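Asker: Below is the file model_8.txt, with compact mmCIF, C-alpha atoms.
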# COMPACT_ATOMS: atom_id res chain seq x y z
CA MET M 1 0.00 0.00 0.00
CA THR M 2 1.50 3.31 -1.09
CA ALA M 3 1.78 6.30 1.21
CA ALA M 4 -0.65 8.27 -0.98
CA TRP M 5 -3.27 5.51 -0.78
CA ARG M 6 -2.79 5.12 2.98
CA GLY M 7 -3.30 8.85 3.36
CA LEU M 8 -6.45 8.82 1.23
CA VAL M 9 -7.88 5.87 3.16
CA ALA M 10 -7.14 7.59 6.48
CA PHE M 11 -8.78 10.80 5.21
CA GLY M 12 -11.89 8.95 4.05
CA LEU M 13 -12.27 7.00 7.28
CA LEU M 14 -11.86 10.17 9.35
CA VAL M 15 -14.54 11.92 7.33
CA ALA M 16 -16.86 8.91 7.71
CA ALA M 17 -16.18 8.89 11.45
CA GLY M 18 -16.93 12.61 11.53
CA TRP M 19 -20.34 12.01 9.97
CA LEU M 20 -21.11 9.21 12.39
CA GLY M 21 -20.03 11.41 15.29
CA ARG M 22 -22.31 14.15 14.06
CA GLY M 23 -25.16 11.65 13.93
CA LEU M 24 -24.55 10.64 17.54
CA ALA M 25 -23.91 14.12 18.98
CA PRO M 26 -25.09 16.78 16.52
CA SER M 27 -25.35 19.51 19.15
CA SER M 28 -21.78 19.17 20.44
CA ALA M 29 -19.40 22.12 20.11
CA LEU M 30 -17.23 20.24 17.59
CA PHE M 31 -20.08 19.76 15.13
CA GLN M 32 -21.61 23.15 15.73
CA GLY M 33 -18.44 25.21 15.41
CA VAL M 34 -15.77 23.28 13.46
CA LEU M 35 -17.12 20.23 11.64
CA THR M 36 -20.39 21.80 10.59
CA GLU M 37 -22.67 20.03 8.16
CA GLY M 38 -21.36 22.15 5.29
CA VAL M 39 -17.73 21.35 6.10
CA LEU M 40 -18.41 17.62 6.42
CA LEU M 41 -20.43 17.65 3.19
CA ARG M 42 -17.53 19.19 1.28
CA LEU M 43 -15.00 16.78 2.82
CA ALA M 44 -17.23 13.81 2.01
CA ALA M 45 -17.66 15.04 -1.57
CA ALA M 46 -13.88 15.07 -2.01
CA ALA M 47 -13.41 11.63 -0.43
CA LYS M 48 -16.17 9.97 -2.48
CA LEU M 49 -14.90 11.41 -5.75
CA ALA M 50 -11.30 10.41 -4.99
CA PHE M 51 -12.23 6.80 -4.16
CA LEU M 52 -14.43 6.44 -7.24
CA ALA M 53 -11.71 7.91 -9.47
CA VAL M 54 -9.23 5.37 -8.11
CA ALA M 55 -11.75 2.53 -8.52
CA ALA M 56 -12.62 3.41 -12.13
CA ALA M 57 -9.05 4.11 -13.23
CA THR M 58 -7.71 0.95 -11.60
CA ALA M 59 -10.46 -1.24 -13.07
CA TRP M 60 -9.55 0.15 -16.49
CA ARG M 61 -5.88 -0.65 -15.86
CA VAL M 62 -6.83 -4.19 -14.86
CA ALA M 63 -8.67 -4.66 -18.17
CA ALA M 64 -5.69 -3.22 -20.07
CA ARG M 65 -3.33 -5.75 -18.45
CA LEU M 66 -5.41 -8.73 -19.59
CA GLU M 67 -4.81 -10.29 -22.99
CA ALA M 68 -7.41 -9.73 -25.71
CA ASP M 69 -8.51 -13.38 -25.57
CA ASN M 70 -8.81 -13.47 -21.77
CA PRO M 71 -12.51 -14.02 -20.92
CA ALA M 72 -12.23 -11.63 -17.94
CA ARG M 73 -11.06 -8.70 -20.06
CA ARG M 74 -14.47 -7.66 -21.38
CA PRO M 75 -16.20 -7.87 -17.96
CA TRP M 76 -13.48 -5.70 -16.44
CA LEU M 77 -13.91 -3.16 -19.27
CA VAL M 78 -17.69 -3.08 -18.79
CA PHE M 79 -17.32 -2.89 -15.01
CA ALA M 80 -14.81 -0.04 -15.41
CA VAL M 81 -17.32 1.86 -17.55
CA GLY M 82 -19.92 1.44 -14.80
CA LEU M 83 -17.50 2.69 -12.17
CA GLY M 84 -16.59 5.55 -14.49
CA GLY M 85 -20.29 6.45 -14.67
CA PHE M 86 -20.47 6.53 -10.89
CA CYS M 87 -17.35 8.70 -10.87
CA ALA M 88 -18.82 11.12 -13.43
CA GLY M 89 -22.06 11.37 -11.49
CA GLN M 90 -20.17 11.99 -8.26
CA ALA M 91 -18.03 14.62 -9.99
CA VAL M 92 -21.16 16.60 -10.88
CA LEU M 93 -22.54 16.13 -7.38
CA SER M 94 -19.26 17.00 -5.67
CA ALA M 95 -18.84 20.19 -7.70
CA TYR M 96 -22.27 21.37 -6.59
CA GLN M 97 -21.70 20.35 -2.96
CA VAL M 98 -18.30 22.06 -2.74
CA ALA M 99 -19.65 25.23 -4.37
CA THR M 100 -22.91 25.50 -2.42
CA GLY M 101 -22.67 23.20 0.61
CA ALA M 102 -25.94 21.56 -0.44
CA THR M 103 -26.98 18.42 -2.30
CA PRO M 104 -29.31 18.81 -5.33
CA PHE M 105 -31.92 16.10 -5.87
CA PRO M 106 -32.90 15.24 -8.52
CA SER M 107 -30.05 16.49 -10.71
CA VAL M 108 -28.03 15.65 -13.82
CA ALA M 109 -25.83 13.51 -11.58
CA ASP M 110 -28.73 11.13 -10.97
CA VAL M 111 -29.11 10.51 -14.72
CA VAL M 112 -25.46 9.47 -14.92
CA PHE M 113 -25.67 7.29 -11.80
CA VAL M 114 -28.74 5.43 -13.13
CA LEU M 115 -27.13 4.87 -16.55
CA ALA M 116 -24.09 3.29 -14.86
CA TYR M 117 -26.08 0.45 -13.28
CA PRO M 118 -26.57 -1.68 -16.44
CA PHE M 119 -22.81 -1.66 -17.02
CA LEU M 120 -22.04 -2.74 -13.45
CA THR M 121 -24.68 -5.48 -13.62
CA ALA M 122 -23.50 -6.75 -17.01
CA GLY M 123 -19.90 -6.72 -15.81
CA LEU M 124 -20.72 -8.87 -12.78
CA PHE M 125 -22.63 -11.41 -14.85
CA GLY M 126 -19.68 -11.42 -17.23
CA PHE M 127 -17.26 -12.30 -14.43
CA VAL M 128 -19.25 -15.44 -13.58
CA ARG M 129 -19.18 -16.51 -17.24
CA ALA M 130 -15.48 -15.70 -17.48
CA TYR M 131 -14.59 -17.91 -14.52
CA ARG M 132 -16.62 -20.75 -16.02
CA GLU M 133 -14.98 -20.36 -19.45
CA ALA M 134 -11.55 -20.29 -17.81
CA GLY M 135 -12.22 -23.72 -16.32
CA TYR M 136 -12.66 -22.76 -12.67
CA PRO M 137 -14.93 -25.00 -10.54
CA VAL M 138 -17.88 -22.61 -10.52
CA GLY M 139 -20.70 -25.09 -11.08
CA THR M 140 -22.97 -25.50 -14.08
CA ALA M 141 -24.95 -22.81 -15.87
CA ALA M 142 -28.17 -24.47 -14.68
CA GLU M 143 -27.03 -24.19 -11.05
CA HIS M 144 -26.32 -20.50 -11.53
CA ARG M 145 -29.72 -19.92 -13.11
CA ARG M 146 -31.52 -21.62 -10.22
CA PHE M 147 -29.53 -19.65 -7.67
CA ALA M 148 -30.08 -16.35 -9.52
CA LEU M 149 -33.83 -16.95 -9.95
CA GLY M 150 -34.32 -17.88 -6.30
CA LEU M 151 -32.29 -14.87 -5.17
CA ALA M 152 -34.11 -12.56 -7.57
CA ALA M 153 -37.47 -13.71 -6.21
CA ALA M 154 -36.40 -13.04 -2.62
CA LEU M 155 -34.94 -9.64 -3.49
CA ALA M 156 -38.07 -8.74 -5.46
CA VAL M 157 -40.05 -9.03 -2.23
CA VAL M 158 -37.50 -6.82 -0.48
CA GLY M 159 -37.68 -4.32 -3.34
CA TYR M 160 -41.46 -4.17 -3.09
CA LEU M 161 -41.31 -3.55 0.66
CA ILE M 162 -38.78 -0.75 0.16
CA ALA M 163 -40.35 0.91 -2.89
CA SER M 164 -44.01 0.80 -1.87
CA PRO M 165 -43.91 3.33 1.00
CA ILE M 166 -41.62 5.59 -1.03
CA LEU M 167 -43.98 5.68 -4.01
CA ALA M 168 -46.99 6.17 -1.73
CA ALA M 169 -45.42 9.09 0.13
CA PRO M 170 -46.35 12.69 -0.75
CA GLY M 171 -44.03 14.72 -2.91
CA PRO M 172 -43.09 15.29 -6.57
CA LEU M 173 -43.57 12.16 -8.70
CA LEU M 174 -40.12 12.35 -10.33
CA GLU M 175 -38.42 12.59 -6.95
CA ARG M 176 -40.35 9.60 -5.59
CA LEU M 177 -39.67 7.50 -8.71
CA LEU M 178 -35.97 8.26 -8.65
CA THR M 179 -35.69 7.67 -4.92
CA ALA M 180 -37.35 4.26 -5.28
CA ALA M 181 -35.26 3.43 -8.34
CA TYR M 182 -31.92 3.49 -6.52
CA PRO M 183 -32.57 0.72 -3.96
CA VAL M 184 -34.36 -1.34 -6.62
CA LEU M 185 -31.39 -1.03 -8.99
CA ASP M 186 -29.10 -1.97 -6.12
CA LEU M 187 -31.12 -5.12 -5.48
CA VAL M 188 -30.88 -6.05 -9.18
CA LEU M 189 -27.13 -5.50 -8.97
CA LEU M 190 -26.91 -7.72 -5.89
CA VAL M 191 -28.19 -10.76 -7.84
CA PRO M 192 -24.99 -11.22 -9.91
CA ALA M 193 -22.89 -9.81 -7.05
CA LEU M 194 -24.01 -12.49 -4.60
CA ALA M 195 -23.78 -15.17 -7.30
CA LEU M 196 -20.20 -14.09 -7.90
CA LEU M 197 -19.43 -14.12 -4.18
CA ARG M 198 -20.81 -17.67 -4.02
CA VAL M 199 -18.44 -18.66 -6.84
CA THR M 200 -15.28 -16.91 -5.67
CA ALA M 201 -15.67 -17.95 -2.03
CA ARG M 202 -14.69 -21.45 -3.17
CA PHE M 203 -11.36 -20.22 -4.49
CA GLY M 204 -10.08 -18.72 -1.24
CA GLY M 205 -6.82 -16.78 -1.10
CA ARG M 206 -6.29 -13.46 -2.85
CA VAL M 207 -9.09 -13.94 -5.40
CA SER M 208 -11.66 -14.33 -2.64
CA GLU M 209 -10.26 -11.28 -0.83
CA ILE M 210 -10.57 -9.16 -3.97
CA TRP M 211 -14.20 -10.03 -4.61
CA THR M 212 -15.19 -9.87 -0.97
CA ARG M 213 -14.11 -6.21 -0.97
CA LEU M 214 -15.72 -5.36 -4.28
CA LEU M 215 -19.01 -6.98 -3.37
CA ALA M 216 -18.97 -5.53 0.15
CA GLY M 217 -18.63 -2.14 -1.52
CA LEU M 218 -21.72 -2.79 -3.64
CA LEU M 219 -23.62 -3.94 -0.56
CA CYS M 220 -22.68 -0.70 1.23
CA VAL M 221 -24.01 1.24 -1.78
CA ALA M 222 -27.31 -0.62 -1.40
CA VAL M 223 -27.48 0.19 2.33
CA ALA M 224 -26.68 3.85 1.69
CA ASP M 225 -29.30 4.15 -1.06
CA ALA M 226 -31.97 2.50 1.10
CA ALA M 227 -31.14 4.84 3.98
CA PHE M 228 -31.22 7.83 1.63
CA ALA M 229 -34.61 6.75 0.32
CA TYR M 230 -36.16 6.80 3.76
CA PHE M 231 -34.26 9.95 4.69
CA SER M 232 -35.40 11.98 1.71
CA VAL M 233 -39.00 10.79 1.28
CA LEU M 234 -40.10 9.66 4.72
CA GLY M 235 -38.41 12.50 6.61
CA MET M 236 -36.01 10.41 8.71
CA THR M 237 -33.35 13.11 8.84
CA GLY M 238 -31.30 11.25 11.43
CA LEU M 239 -30.12 8.86 8.72
CA ASP M 240 -28.23 11.53 6.77
CA PRO M 241 -24.86 10.97 8.53
CA LEU M 242 -25.22 7.21 8.03
CA VAL M 243 -25.81 7.74 4.30
CA HIS M 244 -22.58 9.71 3.86
CA ALA M 245 -20.54 7.28 5.97
CA PHE M 246 -21.77 4.24 4.03
CA PHE M 247 -21.15 5.87 0.64
CA ILE M 248 -17.57 6.71 1.65
CA LEU M 249 -17.00 3.16 2.89
CA ALA M 250 -18.62 1.71 -0.26
CA TYR M 251 -16.40 3.64 -2.66
CA LEU M 252 -13.30 2.92 -0.55
CA LEU M 253 -14.03 -0.83 -0.75
CA LEU M 254 -14.59 -0.68 -4.51
CA ALA M 255 -11.28 1.09 -4.97
CA GLU M 256 -9.43 -1.32 -2.67
CA GLY M 257 -10.87 -4.35 -4.45
CA ALA M 258 -9.79 -3.02 -7.84
CA ARG M 259 -6.35 -2.16 -6.48
CA ARG M 260 -5.88 -5.69 -5.13
CA GLN M 261 -6.85 -7.17 -8.49
CA HIS M 262 -4.33 -4.92 -10.24
CA ARG M 263 -1.58 -5.90 -7.79
CA LEU M 264 -2.39 -9.58 -8.35
CA LEU M 265 -1.94 -9.15 -12.10
CA ALA M 266 1.18 -7.02 -11.69
CA GLY M 267 2.78 -9.73 -9.56
As structure tokens - that is how I would like this structure written.

Answerer:
Amino acid sequence: MTAAWRGLVAFGLLVAAGWLGRGLAPSSALFQGVLTEGVLLRLAAAAKLAFLAVAAATAWRVAARLEADNPARRPWLVFAVGLGGFCAGQAVLSAYQVATGATPFPSVADVVFVLAYPFLTAGLFGFVRAYREAGYPVGTAAEHRRFALGLAAALAVVGYLIASPILAAPGPLLERLLTAAYPVLDLVLLVPALALLRVTARFGGRVSEIWTRLLAGLLCVAVADAAFAYFSVLGMTGLDPLVHAFFILAYLLLAEGARRQHRLLAG
């Protein structure tokens, strides 16, 4: 781990801790006079953008290191595009947050975030196929279909329970639709993510460590989006610090997973 990366990780974790501290003691002198909401919002914007930039750039470098006939090359390229979409959306959001100390919703950033999800989902499905084509003991295609269908059915119930109160709440229709869309898209993304975790857990070692971090990052995104949904539509303002902390942790884990994969290829 380079000194620059260690410093960025320490910065991100401190900002996340600051948000959690604000959630626990918002009226304390520290969070009223020094680490105000505006200051923490700007620090979090910088940390999120930095982690996503590292994640996207490193995923692209991983794809570039793989030979053209390597079955994992295309999934890494597609996954890198998805991470790049997240990075572009966060760049728009961060610029607004740094300039104004507020978070716009909905905004152009949300269009970019939503468009990134199909690439992330396709990339994850592609990784499962790539491991099977490479001859790893991942099970048969029929086994994967049964697992994915059963998981999708269970997550569909979860998605309904999350989206229903959001869509039924008062407020602008576009805002409610977009707020419900994020956790639903996350649940769709978790289908190939959990299938991939099931596959790579059998490998153990560094491969398992890489995917555990990447998939934990995606799970943290899902938690953050669900918390944001209830925060923004149902008025649970106490969840705001948790949302920022989980997004920082999510993007840190995505970047660390990509970095570990790159180090594995670099030897």

Asker: Mind pulling up the distance from atom CA of Ala56 of chain M to atom CA of Ala80 of chain M?

Answerer: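 Distance reported for this atom pair: 5.2 Å.
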
Asker: For a quick check of understanding, using all atoms listed in the file, which of M:Val114, M:Leu214, M:Leu66, M:Val199 has the smallest distance to Ala180 of chain M?

Answerer: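 Closest to Ala180 of chain M of all the choices is M:Val114.
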
Asker: Please report the interatomic distance between atom CA of Ala44 of chain M and atom CA of Trp19 of chain M in Å with one decimal.

Answerer: 8.7 Å

Asker: Could you jot down the atom CA of Phe86 of chain M to atom CA of Phe113 of chain M separation for me, Å, one decimal place?

Answerer: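 For atom CA of Phe86 of chain M relative to atom CA of Phe113 of chain M, the distance reads 5.3 Å.
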
Asker: Pick from M:Ala181, M:Leu124, M:Leu242, M:Ala10: nearest to Ala195 of chain M, with only C-alpha atoms counted?

Answerer: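 That would be M:Leu124, the residue with the smallest distance to Ala195 of chain M.
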
Asker: Smallest atom-to-atom distance to Phe247 of chain M: which of M:Ile166, M:Leu265, M:Val39, M:Ala227, using only C-alpha atoms?

Answerer: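 For Phe247 of chain M, the nearest of the candidates is M:Ala227.
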
Asker: Write out as a ChimeraX atom specification which residues come within 9 Å of Leu155 of chain M when counting only C-alpha atoms, dropping same-chain ones fewer than 3 positions away.

Answerer: /M:150-152,158-160,184,187-188,190-191

Asker: My list of candidates is M:Leu194, M:Val221, M:Ala122, M:Ile248. Which is closest to Ala17 of chain M when distances are computed with all atoms listed in the file?

Answerer: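 Smallest separation from Ala17 of chain M among the options: M:Ile248.
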
Asker: Using all atoms listed in the file, which protein or nucleic acid residues come within 9 Å of Trp60 of chain M? Drop anything in the same chain fewer than 4 positions from it, and give the result as a list in words.

Answerer: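 Neighbouring residues, sequence-local ones excluded: Ala55, Ala56, Ala64, Arg65, Trp76, Leu77, Phe79, Ala80 and Val81 of chain M.
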
Asker: Residues near Arg206 of chain M, anyone? I mean within 9 Å using only C-alpha atoms, not counting same-chain ones fewer than 2 positions away, as a PyMOL selection string.

Answerer: chain M and resi 203-204+208-211+260-261+264

Asker: Using all atoms listed in the file and a cutoff of 8 Å, can you tell me which residues are near (-18.1, -12.7, 2.1) in the file's coordinates, and write them out as a short mmCIF file (atom, residue, chain, number, x, y, z; two decimals) with C-alpha atoms, keeping the file's coordinate frame?

Answerer:
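Result file is part_24.cif:
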data_model
loop_
_atom_site.label_atom_id
_atom_site.label_comp_id
_atom_site.auth_asym_id
_atom_site.auth_seq_id
_atom_site.Cartn_x
_atom_site.Cartn_y
_atom_site.Cartn_z
CA LEU M 197 -19.43 -14.12 -4.18
CA ALA M 201 -15.67 -17.95 -2.03
CA THR M 212 -15.19 -9.87 -0.97
CA LEU M 215 -19.01 -6.98 -3.37
CA ALA M 216 -18.97 -5.53 0.15
#

Asker: Which residues are near segment 94-104 of chain M? Cut-off 8 Å, only C-alpha atoms, ignore same chain within fewer than 5 positions. Put them as a ChimeraX atom specification.

Answerer: /M:38-39,41-42,45-46,49

Asker: Could you pull out every residue with an atom within 12 Å of (-45.2, 5.2, 2.7), file coordinates, counting all atoms listed in the file, and send them as an MDAnalysis selection string?

Answerer: chainID M and resid 160:171 176 180 229:230 232:235

Asker: For Ala57 of chain M, which residue out of M:Glu256, M:Gln32, M:Leu174, M:Tyr182 is the nearest one, using only C-alpha atoms?

Answerer: M:Glu256

Asker: Ala47 of chain M: which residues within 9 Å, counting only C-alpha atoms, same-chain residues fewer than 4 positions away excluded, as a compact mmCIF listing (two decimals) with C-alpha atoms, in the coordinates of the input?

Answerer:
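Heads up, here's the output in around_31.txt:
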# COMPACT_ATOMS: atom_id res chain seq x y z
CA LEU M 8 -6.45 8.82 1.23
CA VAL M 9 -7.88 5.87 3.16
CA PHE M 11 -8.78 10.80 5.21
CA GLY M 12 -11.89 8.95 4.05
CA VAL M 15 -14.54 11.92 7.33
CA ARG M 42 -17.53 19.19 1.28
CA LEU M 43 -15.00 16.78 2.82
CA PHE M 51 -12.23 6.80 -4.16
CA LEU M 52 -14.43 6.44 -7.24
CA ILE M 248 -17.57 6.71 1.65
CA TYR M 251 -16.40 3.64 -2.66
CA LEU M 252 -13.30 2.92 -0.55

Asker: With distances taken over all atoms listed in the file, which of M:Val111, M:Thr121, M:Ala68, M:Asp225 is nearest to Thr179 of chain M?

Answerer: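 Smallest separation from Thr179 of chain M among the options: M:Asp225.
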
Asker: Kindly complete segment 38-51 of chain M to N, CA and C atoms; the output should be written as an mmCIF file, keeping the file's coordinate frame.

Answerer:
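Printed below is result_24.cif as written:
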data_model
loop_
_atom_site.group_PDB
_atom_site.id
_atom_site.type_symbol
_atom_site.label_atom_id
_atom_site.label_comp_id
_atom_site.auth_asym_id
_atom_site.auth_seq_id
_atom_site.Cartn_x
_atom_site.Cartn_y
_atom_site.Cartn_z
ATOM 1 N N GLY M 38 -21.928 21.708 6.561
ATOM 2 C CA GLY M 38 -21.360 22.150 5.290
ATOM 3 C C GLY M 38 -19.923 21.697 5.109
ATOM 4 N N VAL M 39 -19.133 21.779 6.173
ATOM 5 C CA VAL M 39 -17.730 21.350 6.100
ATOM 6 C C VAL M 39 -17.662 19.847 5.847
ATOM 7 N N LEU M 40 -18.424 19.071 6.595
ATOM 8 C CA LEU M 40 -18.410 17.620 6.420
ATOM 9 C C LEU M 40 -18.921 17.217 5.038
ATOM 10 N N LEU M 41 -19.904 17.947 4.520
ATOM 11 C CA LEU M 41 -20.430 17.650 3.190
ATOM 12 C C LEU M 41 -19.357 17.845 2.129
ATOM 13 N N ARG M 42 -18.596 18.922 2.249
ATOM 14 C CA ARG M 42 -17.530 19.190 1.280
ATOM 15 C C ARG M 42 -16.397 18.162 1.391
ATOM 16 N N LEU M 43 -16.044 17.793 2.626
ATOM 17 C CA LEU M 43 -15.000 16.780 2.820
ATOM 18 C C LEU M 43 -15.441 15.427 2.273
ATOM 19 N N ALA M 44 -16.701 15.079 2.517
ATOM 20 C CA ALA M 44 -17.230 13.810 2.010
ATOM 21 C C ALA M 44 -17.270 13.811 0.488
ATOM 22 N N ALA M 45 -17.619 14.944 -0.108
ATOM 23 C CA ALA M 45 -17.660 15.040 -1.570
ATOM 24 C C ALA M 45 -16.284 14.756 -2.161
ATOM 25 N N ALA M 46 -15.240 15.297 -1.525
ATOM 26 C CA ALA M 46 -13.880 15.070 -2.010
ATOM 27 C C ALA M 46 -13.472 13.611 -1.842
ATOM 28 N N ALA M 47 -13.796 13.014 -0.692
ATOM 29 C CA ALA M 47 -13.410 11.630 -0.430
ATOM 30 C C ALA M 47 -14.118 10.674 -1.390
ATOM 31 N N LYS M 48 -15.417 10.860 -1.583
ATOM 32 C CA LYS M 48 -16.170 9.970 -2.480
ATOM 33 C C LYS M 48 -15.626 10.042 -3.901
ATOM 34 N N LEU M 49 -15.392 11.252 -4.377
ATOM 35 C CA LEU M 49 -14.900 11.410 -5.750
ATOM 36 C C LEU M 49 -13.512 10.789 -5.907
ATOM 37 N N ALA M 50 -12.646 10.975 -4.914
ATOM 38 C CA ALA M 50 -11.300 10.410 -4.990
ATOM 39 C C ALA M 50 -11.338 8.889 -5.037
ATOM 40 N N PHE M 51 -12.144 8.269 -4.182
ATOM 41 C CA PHE M 51 -12.230 6.800 -4.160
ATOM 42 C C PHE M 51 -12.807 6.260 -5.470
#
